[in-house]
Each structure stands twice: as structure tokens, then as C-alpha cells.
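Q: To start, I am sharing the structure in question, which I have written as C-alpha cells.
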2 protein chains.
Amino acid sequence: MNLRELATNLGLSPTTVSRALNGYPEVNEVTRERVMAAAKRHNYQPNTRAIRLATGRAMTVGHVIPIATKHEIVNPVFADFIAGAGETYSRHGYDMVLSVVPDDQEAQAYRDLKSRGTVDGIIVHAPRLDDPRIALLHEVGLPFVVHGRATGTRQPYSWLDVNNRRAFQRATEFLLDLGHRRIALINGLEYMDFAIRRRTGYVDALTSRDIAPDPALMFSDEMTEGRGFRAACQMLGQGNPPTAFLVSSMISALGVRRALDELGLKPGRDVSIIIHDDELSYLRNGEDVPIYTATRSSVREAGRQAAEMLLDLIANPGQPPQTRLLEAELIIGQSTGPTPSK
Amino acid sequence: MNLRELATNLGLSPTTVSRALNGYPEVNEVTRERVMAAAKRHNYQPNTRAIRLATGRAMTVGHVIPIATKHEIVNPVFADFIAGAGETYSRHGYDMVLSVVPDDQEAQAYRDLKSRGTVDGIIVHAPRLDDPRIALLHEVGLPFVVHGRATGTRQPYSWLDVNNRRAFQRATEFLLDLGHRRIALINGLEYMDFAIRRRTGYVDALTSRDIAPDPALMFSDEMTEGRGFRAACQMLGQGNPPTAFLVSSMISALGVRRALDELGLKPGRDVSIIIHDDELSYLRNGEDVPIYTATRSSVREAGRQAAEMLLDLIANPGQPPQTRLLEAELIIGQSTGPTPSK
DNA sequence: AATCAATTCCAAACCGCTTTGGATTAGGGA
DNA sequence: TCCCTAATCCAAAGCGGTTTGGAATTGATT
């Protein structure tokens with residue numbers, strides 16, 4: 001059932017039917033109701049392909065997922081962010097397309113998305129230091145919102161981010177207040193923007209209490225269980241081991257915990273741990289009471305809001321870039337305690 | 001730059017240009033090369049919206065992600081499956097759209113996808129016992145491939161699945177061979193098809209050795225860390241505790257491990273653990289040597305293959321349903337050992 | 001009664017591509 | 001030389017909607 005059929009069926013022109021369904025004022029209310037009823041009765045759904053061609057809008061937003069040919073790791077935060085963003089899109093009648101591309105073809109992927117008219121806008125994931133995608137998307141002329149920020153970028157752009165610096169500063173201060181002086185940082189890869197900001201927060205907190213950051217206590221790598229385990233083992237095995245860990249990810253923390261287990265150390269008693277908790281739905285920080293003390297910020301909510309921002313940008317072109325900084329909560333769990341008197 | 005411009009630019013008709021670019025035989029090779037060169041030079045990309053309308057094909061496949069309004073958990077396997085499927089799609093010039101919908105609107109989502117012509121085919125995730133989506137999609141007339149199977153379904157349909165029954169049967173036998181008699185099963189929700197099959201494999205292995213399955217050792221619920229922890233605590237706290245655990249998910253196993261830690265039990269020595277390992281990229285079972293003994297099957301590879309199957313189904317309609325059963329490997333890690341003599 | 005504006009509807013153009021059904025030209029065989 | 005086929009190319013008709021620019025009708029105003 002298409003528009004033309006419906007129209008002849010009603011004894012009306014396609015024009016009128018289209019207008020009736022789309023709420024234009026130049027159609028009699030009585031007629032409109034007739035049309036609406038007929039549309040429902042015949043289960044008429046306008047063909048998206050035709051709408052898109054006619055209006056020139058794709059009614060679609062794109063998410064590009066670069067797959068590294070080497071260590072092909074999917075961002076664990078991705079699924080929940082997508083779920084949040086997806087909610088927003090469907091509520092607004094937008095589709096979401098995911099482009100999975102080898103990471104060396106990412107730029108071309110954006111260009112194609114634009115020139116083929118597949119999407120109206122883009123969400124940029126996992127921004128890095130001096131991320132080239134921002135300049136690229138400006139050049140290409142596709143509205144976009146970055147989930148995170150890209151230190152070093154000159155041009156203004158729209159972003160939504162968690163206040164990573166502040167979160168890790170507060171977490172570090174919390175540990176300092178508990179008496180810890182040897183605080184380790186198990187961070188993500190340092191070309192990732194969030195990792196840089198978290199380190200900054202950590203270092204700031206230490207130096208403002210006249211503690212020199214110890215490079216031996218600062219680790220940054222992919223946030224996997226294995227890397228977390230190794231880093232923790234190494235740090236705990238050295239002469240002057242840390243009494244507390246600040247860990248950028250729940251998953252790395254699993255590894256840290258395993259290291260503690262192997263050494264017979266109990267979190268919260270022998271060693272303190274604070275993690276950053278993205279509230280991933282499949283890896284909750286405890287069911288009712290938090291297991292880990294954590295800086296917490298829902299990545300799904302970030303997805304919802306980033307999508308809202310993007311749709312707004314698409315609806316109102318020429319608008320100046322929008323930014324939104326979310327504050328993480330510091331929640332107290334069972335993984336932190338005063339420095340053991342030894 | 002669109003087709004018409006390119007054509008006038010070349011002094012040709014749009015017809016010829018279209019045919020030249022799409023490899024039709026009724027165009028002179030010399031002309032074709034001229035056209036190709038001009039297309040590249042002007043960076044011409046055909047508008048997908050127009051192609052879709054003209055050809056009637058969406059060049060898109062859909063994945064519907066139902067979000068439960070209650071326990072809104074995103075399938076942890078989802079991201080990697082999508083990554084795998086996405087690779088296949090981009091290689092074939094297909095787009096992937098994700099529809100995030102409240103779970104009570106899932107049926108309508110499929111209907112819309114069809115009647116609005118948004119997609120050419122669908123991947124069905126996480127099938128259940130007597131899953132109604134299969135009959136629905138047959139009725140709607142949209143090609144689809146199920147990732148998993150749906151016990152109880154009469155009509156034939158295309159699916160790709162891991163041999164869950166066999167995997168868990170072998171794993172159970174392995175534990176039996178090590179001398180274990182009290183083997184616990186920490187399973188997923190029992191309305192999920194895979195969970196049913198895994199239980200069947202487990203029960204079969206036990207009964208064929210004349211061991212009656214003990215309901216007190218069989219747990220099934222959402223596969224979260226918390227539930228795994230609770231189940232393990234409860235089982236280990238009872239009079240006749242298990243000496244081995246068979247766990248349906250890496251994530252549940254994290255909880256089981258935490259329970260063991262709290263009781264001072266060491267995996268592989270005091271208690272054995274076998275998990276099912278989907279080879280999630282962000283939760284590897286050890287970096288080089290496996291931590292857990294596991295039944296292993298890459299969900300990303302499943303995504304790749306399921307997508308191939310679907311594209312094949314789309315390209316050759318009227319084809320009988322295709323099925324593919326992947327065998328899981330049983331890999332030996334450090335989490336299993338003989339029953340402690342005690 | 002005549003005029004004018006508002007209301008209501010429609011025909012046709014358009015979005016950018018594909019595809020059908022020729023038309024034209026060149027080459028080969030009788 | 002004439003006819004037929006093959007090789008090239010093109011005009012025009014879709015695909016299924018939206019949107020522009022009227023046309024017809026109605027009602028109010030003078």
C-alpha cells in the first residue's frame with residue numbers, strides 16, 4: 001500500500017493525502033481524519049526510501065566503529081552508549097547506522113557517509129589527542145557530536161564529556177584523606193583523551209599536597225583484565241608498593257583484584273581500590289551496595305544526551321557548537337579504607 | 001556532484017554513465033574508462049537514497065535490540081557479534097541499522113522495518129523457547145537469520161548456532177573424568193534457548209554416568225557478576241558443596257571467583273571451574289595462556305558468518321533456509337584439576 | 001450583486017538514480 | 001549492393017514520496 005493507492009482509494013490526490021498525514025494546515029480537518037483513519041485501516045507506512053529522496057534528509061545518524069586490524073578490541077563502553085543513543089533516535093523517528101571499518105579507512109568512511117548522503121550527522125567515539133576526525137568532519141560539513149573531547153583541537157566543536165579530570169582529582173584526594181601516600185594509577189592508553197585528563201586530575205591532587213607523582217606508580221595501556229593484572233603485580237612486587245589503586249576501568253580492576261588475590265591481599269583492608277564506573281549494564285558495580293568505591297557516570301545516559309544534542313544540531317543548522325560536561329559522582333564502596341598501619 | 005552533472009560534463013547521457021559505472025556490457029570500454037576517470041576525478045559518489053528508491057533494495061540489514069524496561073541489560077555478547085557482522089556488511093556494501101526499542105514494541109518494530117522498506121533482512125538475537133519472532137518474520141516476509149535456535153519452533157528457518165549441548169556435555173565429562181561428582185551449573189535464564197541446550201548437555205553427561213542431577217546444584221538467572229557470586233556462595237555454603245562449577249558466561253564466572261576468594265578457595269586446586277568463553281574482545285580469557293578451562297567459540301566469527309548467510313538469503317530469495325552449527329573447542333586452562341582428595 | 005480573501009484541493013515538477021525500449025551506427029555475410 | 005546483427009548510446013518512464021503554484025469553491029464584505 002503506497003500513497004497513490006491510498007489516495008485513489010479515498011478519491012483524493014496524493015498531495016492532499018500527504019499533507020493530511022504530515023499535519024499541514026491546508027487540509028480540512030474532516031478530510032484529515034478520513035485520511036488518518038484510512039491510513040491506519042490499510043496499515044499504510046510511507047516508504048522511507050522515497051521520503052529520504054524527496055526531502056533530501058537521511059533521517060539517519062551514523063556511528064563509525066573503527067576496527068583495528070591488530071588488537072581488534074571493541075570499546076566495552078560502546079554497547080551501552082549505543083543503547084542510550086538508540087533510545088533517543090527511535091523516539092525521534094531517526095535510524096542509526098553503524099559503520100564497521102578498518103581503522104585506516106575511517107576518514108574515507110566519513111567522506112562516503114557524507115557524499116552518498118547516507119546520514120545527517122555523526123557521533124564521534126573515543127577521541128584522541130589532536131584527533132584528526134574533528135577537522136575532517138568540519139571540512140566535510142557533516143554535523144557531529146564528540147563523545148569526549150580532543151585535547152589540542154583548535155576549532156570549536158560540539159562535545160559531551162564526563163569531567164574526568166575532576167573525578168580523578170576527587171578520587172585521589174579521597175585516598176589521600178584516608179592516609180594513602182603511595183597511590184597507583186592504572187590508566188587507559190595515553191593517546192586517548194580521557195586518559196590524559198584522568199592523569200591530570202590525579203597528578204594535580206598529588207602535587208597540591210606536595211607529593212611528587214612517581215612514574216613507577218603510573219601505568220597506561222589497554223584497559224583489559226590482563227593488563228590490569230600485570231601492572232598490579234609489577235607494582236606490588238617492587239620495593240615500595242602502593243597502598244591504593246586508582247583504576248580507569250572496571251575491567252582493568254578485575255585484573256588488579258586478581259593480582260591482590262594471588263598475593264593474599266584484601267581490597268579495602270590491605271589495599272584500597274577506586275575505579276571509574278561507567279555503569280555498564282552487564283558489569284554492574286554490585287547489585288545494591290557498590291563493591292568498589294568509584295567515580296560513577298552512566299555511559300548510557302551520555303549516549304541519550306549526546307544523541308539529543310546531535311539531533312538538535314541537525315534540526316538547527318548554523319547553530320554554534322554545543323558542549324555539555326557531566327560530573328561523575330564519587331560513591332563509596334567496600335574497596336577503600338585507611339592505610340594499613342602495617 | 002550527481003549523475004546528471006557528471007553526464008553533461010562528459011557529453012553523455014545519464015543512462016550511459018550509470019551503465020558504465022555499474023559494469024553493464026552495453027557500453028564501449030573506452031567510454032567506460034573515460035567515465036570511471038571522470039567519476040574519480042570529480043569524486044562522484046552515487047546518492048544512496050536515490051539508488052535505494054530506484055532499485056527497491058534498501059542495501060541495509062537491521063538488528064533489533066529490545067531494551068527491557070525493567071532490568072535493562074544489554075547483551076554483553078552483542079558488541080562483538082555486531083562488530084563481526086559489520087565487517088561482512090561493509091565488505092559487501094551493505095549498511096547496518098540498529099533499532100533500539102522497548103521490548104514490548106519489538107513486534108511492531110519488525111513490521112515497520114518491513115512496511116517502510118528500511119531493510120532487506122534481519123538478524124534475530126537471543127532467541128528464546130518458542131520464540132514468537134520467527135513466525136512473525138515469516139508472516140511479514142522479511143529474510144532473516146537467527147543467531148541461535150528456538151526450541152519449539154515448527155517452521156523451518158535459517159540459523160547459526162554454537163553446539164551448546166555438545167559443548168556442555170563435553171565439559172561435564174571432562175570434569176567427571178577428573179573425578180568430580182558434585183558439579184554445579186551456573187546457567188543463563190532458562191527461557192533463553194542456549195541455556196536450555198547447555199543444561200541438556202550437562203544433564204545428559206551426568207545421567208550417562210549414573211549421576212542424578214541435583215537441583216540444588218543447578219542455577220539459572222541473568223548472567224551477571226552479582227548473580228554468579230550469590231549462586232556460588234549459596235551452593236558452597238550448603239552441606240554437600242560442589243567441587244566444580246560449569247559456568248555459562250565469563251561474567252558470571254567473575255562472581256563465582258569472588259565467592260571462592262571470600263572463602264579462601266583456589267580455583268583449579270580446591271574447586272574447578274569451566275566457563276563458556278565467547279572470546280569477547282574486552283574480556284579475554286587470559287592474554288596468551290587461558291586462565292579458565294573453557295568451551296570456546298568466537299561470537300565475532302559467528303557475527304561474520306551469520307551476516308554472510310543473511311546476505312546470501314537476500315541475494316537468492318526463494319532459497320530454502322540455511323543452517324550452520326559451529327562446534328566449540330574445549331580448551332584447558334588453569335582453573336580445573338582433579339577433585340581434592342580430602 | 002460584485003469583489004476579495006480564505007479555504008480546500010489538485011496537477012505537475014522534482015529528488016537522483018535505474019531500466020526499458022528503441023534509435024543509430026558500424027561491420028559482416030549473401 | 002543490400003540486409004541483418006551487434007555494438008553503442010539515448011530518451012523517457014519509473015521508484016514513492018514532497019512541494020510549488022495554481023484552480024475551484026466558499027463566505028464575508030461592500
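In the C-alpha cells, the first chain shown is A, the next is B, and so on; residue numbers restart at 1 for each chain, and ligands run from 1 in the order shown.
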Hey, which bits of chain A sit within 6 Å of chain D, and for each residue what's the closest pair of atoms and how far apart in Å (one decimal), counting only C-alpha atoms (C1' of nucleotides), rows by chain and increasing number, as CSV?
A:
```
residue,atom,partner,partner_atom,distance
A:Ala50,CA,D:DG17,C1',4.8
A:Ile51,CA,D:DG17,C1',5.2
A:Ala54,CA,D:DT18,C1',5.6
```
Q: Select from chain C every residue with an atom at most 9 Å from any atom of chain B, then for each give the shortest pair of atoms and their distance in Å to one decimal, using only C-alpha atoms (C1' of nucleotides), rows by chain and rising number, as a Markdown table.
A:
```
| residue | atom | partner | partner_atom | distance |
| --- | --- | --- | --- | --- |
| C:DC15 | C1' | B:Ala50 | CA | 7.7 |
| C:DG16 | C1' | B:Ala50 | CA | 5.0 |
| C:DC17 | C1' | B:Ala50 | CA | 4.9 |
| C:DT18 | C1' | B:Ala54 | CA | 5.6 |
| C:DT19 | C1' | B:Thr15 | CA | 8.7 |
```
Q: Among range 265-322 of chain A, which ones does DSSP assign to helix (DSSP H, G or I) (computed from the backbone)? Answer as an mmCIF file with N, CA and C atoms, in the first residue's frame.
A:
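What follows is the written file states-v5.cif:
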```cif
data_model
loop_
_atom_site.group_PDB
_atom_site.id
_atom_site.type_symbol
_atom_site.label_atom_id
_atom_site.label_comp_id
_atom_site.auth_asym_id
_atom_site.auth_seq_id
_atom_site.Cartn_x
_atom_site.Cartn_y
_atom_site.Cartn_z
ATOM 1 N N VAL A 299 27.240 5.785 31.161
ATOM 2 C CA VAL A 299 27.573 5.978 29.760
ATOM 3 C C VAL A 299 26.309 5.860 28.901
ATOM 4 N N ARG A 300 25.321 5.159 29.398
ATOM 5 C CA ARG A 300 24.087 5.070 28.639
ATOM 6 C C ARG A 300 23.375 6.424 28.615
ATOM 7 N N GLU A 301 23.393 7.077 29.763
ATOM 8 C CA GLU A 301 22.813 8.414 29.819
ATOM 9 C C GLU A 301 23.602 9.364 28.908
ATOM 10 N N ALA A 302 24.899 9.199 28.874
ATOM 11 C CA ALA A 302 25.717 10.005 27.968
ATOM 12 C C ALA A 302 25.265 9.793 26.527
ATOM 13 N N GLY A 303 24.982 8.547 26.191
ATOM 14 C CA GLY A 303 24.501 8.234 24.847
ATOM 15 C C GLY A 303 23.196 8.955 24.549
ATOM 16 N N ARG A 304 22.283 8.888 25.487
ATOM 17 C CA ARG A 304 20.996 9.570 25.301
ATOM 18 C C ARG A 304 21.208 11.050 25.023
ATOM 19 N N GLN A 305 22.015 11.676 25.871
ATOM 20 C CA GLN A 305 22.177 13.117 25.768
ATOM 21 C C GLN A 305 22.964 13.528 24.530
ATOM 22 N N ALA A 306 23.980 12.769 24.204
ATOM 23 C CA ALA A 306 24.769 13.097 23.012
ATOM 24 C C ALA A 306 23.870 13.040 21.776
ATOM 25 N N ALA A 307 22.993 12.036 21.755
ATOM 26 C CA ALA A 307 22.078 11.903 20.620
ATOM 27 C C ALA A 307 21.125 13.095 20.551
ATOM 28 N N GLU A 308 20.636 13.509 21.697
ATOM 29 C CA GLU A 308 19.750 14.681 21.729
ATOM 30 C C GLU A 308 20.477 15.896 21.152
ATOM 31 N N MET A 309 21.706 16.058 21.571
ATOM 32 C CA MET A 309 22.479 17.202 21.095
ATOM 33 C C MET A 309 22.627 17.158 19.580
ATOM 34 N N LEU A 310 22.932 15.973 19.083
ATOM 35 C CA LEU A 310 23.154 15.849 17.647
ATOM 36 C C LEU A 310 21.873 16.136 16.868
ATOM 37 N N LEU A 311 20.766 15.586 17.320
ATOM 38 C CA LEU A 311 19.508 15.811 16.605
ATOM 39 C C LEU A 311 19.167 17.299 16.615
ATOM 40 N N ASP A 312 19.498 17.948 17.706
ATOM 41 C CA ASP A 312 19.261 19.384 17.799
ATOM 42 C C ASP A 312 20.131 20.125 16.784
ATOM 43 N N LEU A 313 21.371 19.703 16.688
ATOM 44 C CA LEU A 313 22.295 20.311 15.732
ATOM 45 C C LEU A 313 21.808 20.125 14.298
ATOM 46 N N ILE A 314 21.248 18.956 14.034
ATOM 47 C CA ILE A 314 20.761 18.655 12.690
ATOM 48 C C ILE A 314 19.529 19.500 12.376
ATOM 49 N N ALA A 315 18.674 19.622 13.388
ATOM 50 C CA ALA A 315 17.437 20.377 13.179
ATOM 51 C C ALA A 315 17.706 21.870 13.034
#
```
Q: So that I can check the surroundings of Tyr94 in chain A, please list as a PDB file with C-alpha atoms, in the first residue's frame every protein, DNA and RNA residue that reaches within 9 Å of it, counting only C-alpha atoms (C1' of nucleotides) and ignoring chain neighbours fewer than 6 positions away.
A:
```pdb
ATOM      1  CA  ALA A  58      18.517  10.807   5.517  1.00  0.00           C
ATOM      2  CA  MET A  59      16.715  10.685   8.871  1.00  0.00           C
ATOM      3  CA  THR A  60      19.680   8.666   9.972  1.00  0.00           C
ATOM      4  CA  VAL A  61      22.703   9.221  12.127  1.00  0.00           C
ATOM      5  CA  GLY A  86      19.410   4.435  20.122  1.00  0.00           C
ATOM      6  CA  THR A  88      16.760   8.810  21.609  1.00  0.00           C
ATOM      7  CA  LEU A 311      19.508  15.811  16.605  1.00  0.00           C
TER       8      LEU A 311
END
```
Q: What are the nearest atom pairs, with distances in Å to one decimal, for all residues of chain A that come at most 7 Å from chain B, using only C-alpha atoms, set out by chain and rising residue number as a tab-separated table?
A:
```
residue	atom	partner	partner_atom	distance
A:Gln45	CA	B:Arg116	CA	5.6
A:Pro46	CA	B:Arg116	CA	5.9
A:Asn47	CA	B:Arg116	CA	4.5
A:Thr48	CA	B:Arg116	CA	5.5
A:Arg49	CA	B:Leu53	CA	5.3
A:Ala50	CA	B:Leu53	CA	5.9
A:Arg52	CA	B:Arg49	CA	6.2
A:Leu53	CA	B:Arg49	CA	5.3
A:Ile73	CA	B:Ser281	CA	5.0
A:Val74	CA	B:Ser281	CA	6.1
A:Pro76	CA	B:Tyr282	CA	5.9
A:Ala79	CA	B:Ala79	CA	5.6
A:Asp80	CA	B:Val74	CA	6.8
A:Ala83	CA	B:Val100	CA	6.5
A:Gly86	CA	B:Val100	CA	5.1
A:Glu87	CA	B:Val100	CA	5.7
A:Ser90	CA	B:Val100	CA	6.7
A:Asp95	CA	B:Val97	CA	6.7
A:Met96	CA	B:Val97	CA	5.4
A:Val97	CA	B:Val97	CA	4.3
A:Leu98	CA	B:Met96	CA	5.7
A:Ser99	CA	B:Gly86	CA	6.8
A:Val100	CA	B:Gly86	CA	5.1
A:Val101	CA	B:Glu87	CA	6.8
A:Ser115	CA	B:Gln45	CA	6.1
A:Arg116	CA	B:Asn47	CA	4.5
A:Gly117	CA	B:Asn47	CA	5.9
A:Thr118	CA	B:Thr48	CA	6.3
A:Thr224	CA	B:Tyr282	CA	6.2
A:Glu225	CA	B:Leu283	CA	6.7
A:Gly226	CA	B:Glu287	CA	6.1
A:Ser281	CA	B:Ile73	CA	5.0
A:Tyr282	CA	B:Pro76	CA	5.9
A:Leu283	CA	B:Thr224	CA	6.7
A:Gly286	CA	B:Gly226	CA	6.1
A:Glu287	CA	B:Gly226	CA	6.1
```
